[in-house]
Amino acid sequence: MAQDTFSKEETLAMRRRLIGHSCRLFYSDDPVKIIRARGQYLYDEHGKRYLDCISNVQHVGHCHPSITEVAAAQMDLLNINTRFLHDNMVQYADRLAASLPDKLCIFYFVNSGSEANDLALRLAQQYTQHQDVIVLDHAYHGHLMSLIDISPYKFRKLSGQKEWVHVAPLPDTYRGLYREDHPNPGDAYADTVKDLIDEVHSKGRKISAFFAESLPSVGGQIIMPQGYSTKVAEYVHSAGGVFVADEVQTGFGRVGTHFWAFQLQGEGFCPDIVTMGKPMGNGHPLACVATTVEIAGAFTANGVEYFNTFGGNPVSCAIGLAVLDVIEKEDLRRNATKVGAHLKQLLTQLQTRHDIIGHVRGIGLFVGLELVTDRRTRAPATKTAAEVVKRLKEQDRICVSTDGPWENVVKFKPPMCFSIQDADLVVRCIDRIITVSSERGCTLLHLQACVQLNNTSKAT
């Protein structure tokens, strides 16, 4: 077992020397050095405990004993190239199939969400024989070149938008084109996709896929308006394309009421391809693509073998099965529903006392707190959001982060064992931080007013 042999300062100095500087740390000005974890808690080199509201990857809790025991046992028995026949892969695929609509019955196992989304793009383009893709504004789908190309969050900072990529408005009912007062925002936002398809066709191009997170995360913890995905799928299918649902962030019961976030759109909606990743292995690299017989058949018919040396290996699949078992045995979906509703209610109550809280949204343990400088204009309070994150870490040893185009949405995607008491603590601390920040702001405004009055008096 690797030992913690360096001081925090030594580790940080070595990281700066050895690791690429584009690989950024949380709290880069003063990183937290974590040496162990359990459940929803992290522990630094001094034994200080931090409440983790960030790690949706450690889905059922850090270092869950049921997961680590299964992983160690399978590693001790066998781990082998996935082109050898083994029970774990097919057993795991069968369990996943039981959680999905019947038509999503063919699986490809990979190692990361990025790999899954890259493969989904290949499947869509091979099946449709078209290239063009529609994505949502501010979307992020992974770090591979193919995915940077379909991630506005990234490509706008790099080489720009490719001609085969088309960006639809983010269906954000708080600050988007169609807001909470619109009678049917789902249809209205879906119609923007239809308009985009018509524009693509007018250029002599064809759509292969509409590619979207079921709940946009980097976009700011967005909850899709009802009816949106069903209507978009109708338009995309009419254009000869397929609907890809990226569940890398939101799958495996995080929303509580459903196992997959796309199911929030109703029983009548089913994507053609679903990608999954982060929470799948509880920290172990495991991801997957689920699709239909027809799409998989077209991929096979191209005559090029697809294999993934590690994707779906016996250890990975044993861990995946153990994660499913823990979700069921510990009733973590029910916990996500109960604790998430409680957290959202507390934050909504906080909104009545602090004007800087513009919007509270979320479902299950996928929650966003949007901070604004002005509720009328909804101007983002980016600096205050950063201050809240900083103070929570420094004063309360609570780890949260921000998201959204303006980094003004404080996001909550904790391990699914997050408790009512954890939610109470986080909201109490946020209340204190915002109150102090507001009082300081009032004091500063008062001082500025006094200075201005004094200067005016002198001038007269």
# chains A, B, ... in the order shown; residues from 1 in each chain; ligands from 1
>>> select_by_dssp(residues="range 3-51 of chain A", states="alpha helix (DSSP H)", output="PyMOL selection string")
chain A and resi 8-18
>>> residues_around(residues="Phe155 in chain A", least_positions_apart="2", cutoff="12 Å", atoms="only C-alpha atoms", output="MDAnalysis selection string")
chainID A and resid 137:153 157:162 165 167
>>> write_last_selection(atoms="N, CA and C atoms", output="PDB file, in the first residue's frame")
ATOM      1  N   ASP A 137     -25.974  24.394 -26.298  1.00  0.00           N
ATOM      2  CA  ASP A 137     -25.011  25.421 -25.918  1.00  0.00           C
ATOM      3  C   ASP A 137     -24.453  25.132 -24.527  1.00  0.00           C
ATOM      4  N   HIS A 138     -23.178  25.420 -24.345  1.00  0.00           N
ATOM      5  CA  HIS A 138     -22.440  25.230 -23.088  1.00  0.00           C
ATOM      6  C   HIS A 138     -22.210  23.757 -22.730  1.00  0.00           C
ATOM      7  N   ALA A 139     -22.499  22.842 -23.663  1.00  0.00           N
ATOM      8  CA  ALA A 139     -22.365  21.408 -23.368  1.00  0.00           C
ATOM      9  C   ALA A 139     -20.904  20.985 -23.259  1.00  0.00           C
ATOM     10  N   TYR A 140     -20.699  19.936 -22.454  1.00  0.00           N
ATOM     11  CA  TYR A 140     -19.388  19.278 -22.370  1.00  0.00           C
ATOM     12  C   TYR A 140     -19.618  17.775 -22.397  1.00  0.00           C
ATOM     13  N   HIS A 141     -18.945  17.085 -23.333  1.00  0.00           N
ATOM     14  CA  HIS A 141     -19.143  15.640 -23.474  1.00  0.00           C
ATOM     15  C   HIS A 141     -17.855  14.832 -23.356  1.00  0.00           C
ATOM     16  N   GLY A 142     -16.714  15.471 -23.070  1.00  0.00           N
ATOM     17  CA  GLY A 142     -15.499  14.702 -22.877  1.00  0.00           C
ATOM     18  C   GLY A 142     -14.273  15.373 -23.457  1.00  0.00           C
ATOM     19  N   HIS A 143     -13.109  14.773 -23.196  1.00  0.00           N
ATOM     20  CA  HIS A 143     -11.832  15.415 -23.515  1.00  0.00           C
ATOM     21  C   HIS A 143     -11.160  14.896 -24.781  1.00  0.00           C
ATOM     22  N   LEU A 144     -11.734  13.905 -25.462  1.00  0.00           N
ATOM     23  CA  LEU A 144     -11.158  13.452 -26.724  1.00  0.00           C
ATOM     24  C   LEU A 144     -11.408  14.493 -27.811  1.00  0.00           C
ATOM     25  N   MET A 145     -10.593  14.492 -28.844  1.00  0.00           N
ATOM     26  CA  MET A 145     -10.731  15.484 -29.908  1.00  0.00           C
ATOM     27  C   MET A 145     -12.137  15.462 -30.509  1.00  0.00           C
ATOM     28  N   SER A 146     -12.666  14.263 -30.714  1.00  0.00           N
ATOM     29  CA  SER A 146     -14.005  14.147 -31.299  1.00  0.00           C
ATOM     30  C   SER A 146     -15.053  14.811 -30.418  1.00  0.00           C
ATOM     31  N   LEU A 147     -14.822  14.799 -29.112  1.00  0.00           N
ATOM     32  CA  LEU A 147     -15.802  15.327 -28.158  1.00  0.00           C
ATOM     33  C   LEU A 147     -15.586  16.802 -27.864  1.00  0.00           C
ATOM     34  N   ILE A 148     -14.327  17.251 -27.940  1.00  0.00           N
ATOM     35  CA  ILE A 148     -14.075  18.693 -27.887  1.00  0.00           C
ATOM     36  C   ILE A 148     -14.840  19.359 -29.028  1.00  0.00           C
ATOM     37  N   ASP A 149     -14.860  18.696 -30.185  1.00  0.00           N
ATOM     38  CA  ASP A 149     -15.551  19.240 -31.360  1.00  0.00           C
ATOM     39  C   ASP A 149     -17.049  19.418 -31.132  1.00  0.00           C
ATOM     40  N   ILE A 150     -17.653  18.608 -30.260  1.00  0.00           N
ATOM     41  CA  ILE A 150     -19.094  18.727 -30.015  1.00  0.00           C
ATOM     42  C   ILE A 150     -19.390  19.293 -28.625  1.00  0.00           C
ATOM     43  N   SER A 151     -18.411  19.955 -28.026  1.00  0.00           N
ATOM     44  CA  SER A 151     -18.573  20.548 -26.692  1.00  0.00           C
ATOM     45  C   SER A 151     -18.328  22.055 -26.765  1.00  0.00           C
ATOM     46  N   PRO A 152     -19.387  22.865 -26.906  1.00  0.00           N
ATOM     47  CA  PRO A 152     -19.205  24.316 -26.974  1.00  0.00           C
ATOM     48  C   PRO A 152     -18.440  24.880 -25.784  1.00  0.00           C
ATOM     49  N   TYR A 153     -18.607  24.265 -24.624  1.00  0.00           N
ATOM     50  CA  TYR A 153     -17.892  24.675 -23.415  1.00  0.00           C
ATOM     51  C   TYR A 153     -16.385  24.682 -23.635  1.00  0.00           C
ATOM     52  N   LYS A 157     -13.159  27.940 -26.638  1.00  0.00           N
ATOM     53  CA  LYS A 157     -11.888  28.410 -26.079  1.00  0.00           C
ATOM     54  C   LYS A 157     -10.705  27.951 -26.929  1.00  0.00           C
ATOM     55  N   LEU A 158     -10.986  27.111 -27.933  1.00  0.00           N
ATOM     56  CA  LEU A 158      -9.908  26.523 -28.737  1.00  0.00           C
ATOM     57  C   LEU A 158     -10.052  26.937 -30.194  1.00  0.00           C
ATOM     58  N   SER A 159     -10.226  25.962 -31.078  1.00  0.00           N
ATOM     59  CA  SER A 159     -10.192  26.250 -32.520  1.00  0.00           C
ATOM     60  C   SER A 159     -11.533  26.687 -33.091  1.00  0.00           C
ATOM     61  N   GLY A 160     -12.577  26.687 -32.263  1.00  0.00           N
ATOM     62  CA  GLY A 160     -13.880  27.129 -32.743  1.00  0.00           C
ATOM     63  C   GLY A 160     -14.760  25.998 -33.233  1.00  0.00           C
ATOM     64  N   GLN A 161     -15.900  26.374 -33.769  1.00  0.00           N
ATOM     65  CA  GLN A 161     -16.946  25.435 -34.147  1.00  0.00           C
ATOM     66  C   GLN A 161     -16.720  24.863 -35.545  1.00  0.00           C
ATOM     67  N   LYS A 162     -16.795  23.530 -35.646  1.00  0.00           N
ATOM     68  CA  LYS A 162     -16.672  22.866 -36.944  1.00  0.00           C
ATOM     69  C   LYS A 162     -17.971  23.035 -37.741  1.00  0.00           C
ATOM     70  N   VAL A 165     -20.934  20.747 -36.853  1.00  0.00           N
ATOM     71  CA  VAL A 165     -21.485  20.839 -35.493  1.00  0.00           C
ATOM     72  C   VAL A 165     -22.431  22.032 -35.426  1.00  0.00           C
ATOM     73  N   VAL A 167     -25.221  24.198 -32.872  1.00  0.00           N
ATOM     74  CA  VAL A 167     -25.487  24.449 -31.455  1.00  0.00           C
ATOM     75  C   VAL A 167     -26.905  24.974 -31.253  1.00  0.00           C
TER      76      VAL A 167
END
>>> closest_residue(among="A:Arg175, A:Asn335, A:Pro380, A:Gln249", to="Ile54 in chain A", atoms="only C-alpha atoms")
A:Gln249
>>> residues_around(residues="Glu305 in chain A", least_positions_apart="5", cutoff="12 Å", atoms="only C-alpha atoms", output="list in words")
Arg83, Phe299 and Thr300 of chain A
>>> closest_residue(among="A:Arg440, A:Lys154, A:Arg254, A:His201", to="Gln58 in chain A", atoms="only C-alpha atoms")
A:Arg254
>>> closest_residue(among="A:Pro415, A:Gly297, A:Gly241, A:Pro101", to="Gly266 in chain A", atoms="only C-alpha atoms")
A:Pro101
>>> closest_atom_pairs(of="range 297-410 of chain A", to="range 40-49 of chain A", cutoff="12 Å", atoms="only C-alpha atoms", output="JSON lines")
{"residue": "A:Lys393", "atom": "CA", "partner": "A:Arg49", "partner_atom": "CA", "distance": 10.9}
{"residue": "A:Glu394", "atom": "CA", "partner": "A:Lys48", "partner_atom": "CA", "distance": 11.7}
{"residue": "A:Asp396", "atom": "CA", "partner": "A:Arg49", "partner_atom": "CA", "distance": 9.8}
{"residue": "A:Arg397", "atom": "CA", "partner": "A:Arg49", "partner_atom": "CA", "distance": 7.0}
{"residue": "A:Ile398", "atom": "CA", "partner": "A:Arg49", "partner_atom": "CA", "distance": 8.8}
{"residue": "A:Cys399", "atom": "CA", "partner": "A:Leu42", "partner_atom": "CA", "distance": 9.2}
>>> write_last_selection(atoms="all heavy atoms", output="compact mmCIF listing (two decimals), in the first residue's frame")
# COMPACT_ATOMS: atom_id res chain seq x y z
N LYS A 393 -14.96 25.86 2.32
CA LYS A 393 -13.78 25.01 2.47
C LYS A 393 -12.93 25.46 3.65
O LYS A 393 -12.51 24.65 4.50
CB LYS A 393 -12.98 25.01 1.18
CG LYS A 393 -11.65 24.26 1.25
CD LYS A 393 -10.52 25.26 1.15
CE LYS A 393 -9.16 24.58 1.03
NZ LYS A 393 -8.06 25.55 0.97
N GLU A 394 -12.66 26.76 3.75
CA GLU A 394 -11.75 27.27 4.77
C GLU A 394 -12.36 27.29 6.17
O GLU A 394 -11.68 26.96 7.15
CB GLU A 394 -11.31 28.69 4.40
CG GLU A 394 -10.42 28.76 3.17
CD GLU A 394 -10.06 30.19 2.77
OE1 GLU A 394 -10.67 31.13 3.33
OE2 GLU A 394 -9.17 30.35 1.92
N ASP A 396 -15.54 25.85 7.13
CA ASP A 396 -16.43 24.76 7.54
C ASP A 396 -15.99 23.38 7.08
O ASP A 396 -16.64 22.39 7.40
CB ASP A 396 -17.84 25.04 7.01
CG ASP A 396 -18.35 26.40 7.44
OD1 ASP A 396 -18.59 26.59 8.63
OD2 ASP A 396 -18.50 27.28 6.57
N ARG A 397 -14.91 23.33 6.30
CA ARG A 397 -14.42 22.07 5.73
C ARG A 397 -15.54 21.32 5.00
O ARG A 397 -15.81 20.15 5.22
CB ARG A 397 -13.78 21.19 6.82
CG ARG A 397 -12.54 21.82 7.44
CD ARG A 397 -11.63 20.81 8.09
NE ARG A 397 -12.20 20.16 9.25
CZ ARG A 397 -12.14 20.63 10.48
NH1 ARG A 397 -11.50 21.77 10.72
NH2 ARG A 397 -12.69 19.98 11.47
N ILE A 398 -16.18 22.09 4.11
CA ILE A 398 -17.20 21.56 3.21
C ILE A 398 -16.74 21.82 1.78
O ILE A 398 -16.39 22.95 1.43
CB ILE A 398 -18.58 22.22 3.44
CG1 ILE A 398 -19.09 21.91 4.86
CG2 ILE A 398 -19.59 21.77 2.40
CD1 ILE A 398 -20.35 22.66 5.24
N CYS A 399 -16.72 20.78 0.96
CA CYS A 399 -16.24 20.90 -0.42
C CYS A 399 -17.42 20.98 -1.38
O CYS A 399 -18.21 20.03 -1.50
CB CYS A 399 -15.37 19.70 -0.78
SG CYS A 399 -13.84 19.59 0.17
>>> closest_atom_pairs(of="range 406-430 of chain A", to="range 350-369 of chain A", cutoff="9 Å", atoms="only C-alpha atoms", output="tab-separated table")
residue	atom	partner	partner_atom	distance
A:Asn408	CA	A:Leu369	CA	8.3
A:Val409	CA	A:Leu369	CA	5.3
A:Val410	CA	A:Leu369	CA	5.0
A:Lys411	CA	A:Gly368	CA	4.6
A:Phe412	CA	A:Val367	CA	5.1
A:Lys413	CA	A:Phe366	CA	5.2
A:Pro414	CA	A:Leu365	CA	6.8
A:Pro415	CA	A:Leu365	CA	8.4
A:Met416	CA	A:Leu365	CA	7.1
A:Phe418	CA	A:Leu365	CA	8.4
A:Val427	CA	A:Leu350	CA	8.0
A:Ile430	CA	A:Leu350	CA	8.9
>>> atom_distance(atom1="CA of Gln74 in chain A", atom2="CA of Gly251 in chain A")
24.9 Å
>>> atom_distance(atom1="CA of Arg391 in chain A", atom2="CA of Asn282 in chain A")
28.1 Å
>>> atom_distance(atom1="CA of Ile433 in chain A", atom2="CA of Val400 in chain A")
13.7 Å
>>> closest_residue(among="A:Trp406, A:Phe6, A:Phe259, A:Tyr178", to="Gly219 in chain A", atoms="only C-alpha atoms")
A:Trp406
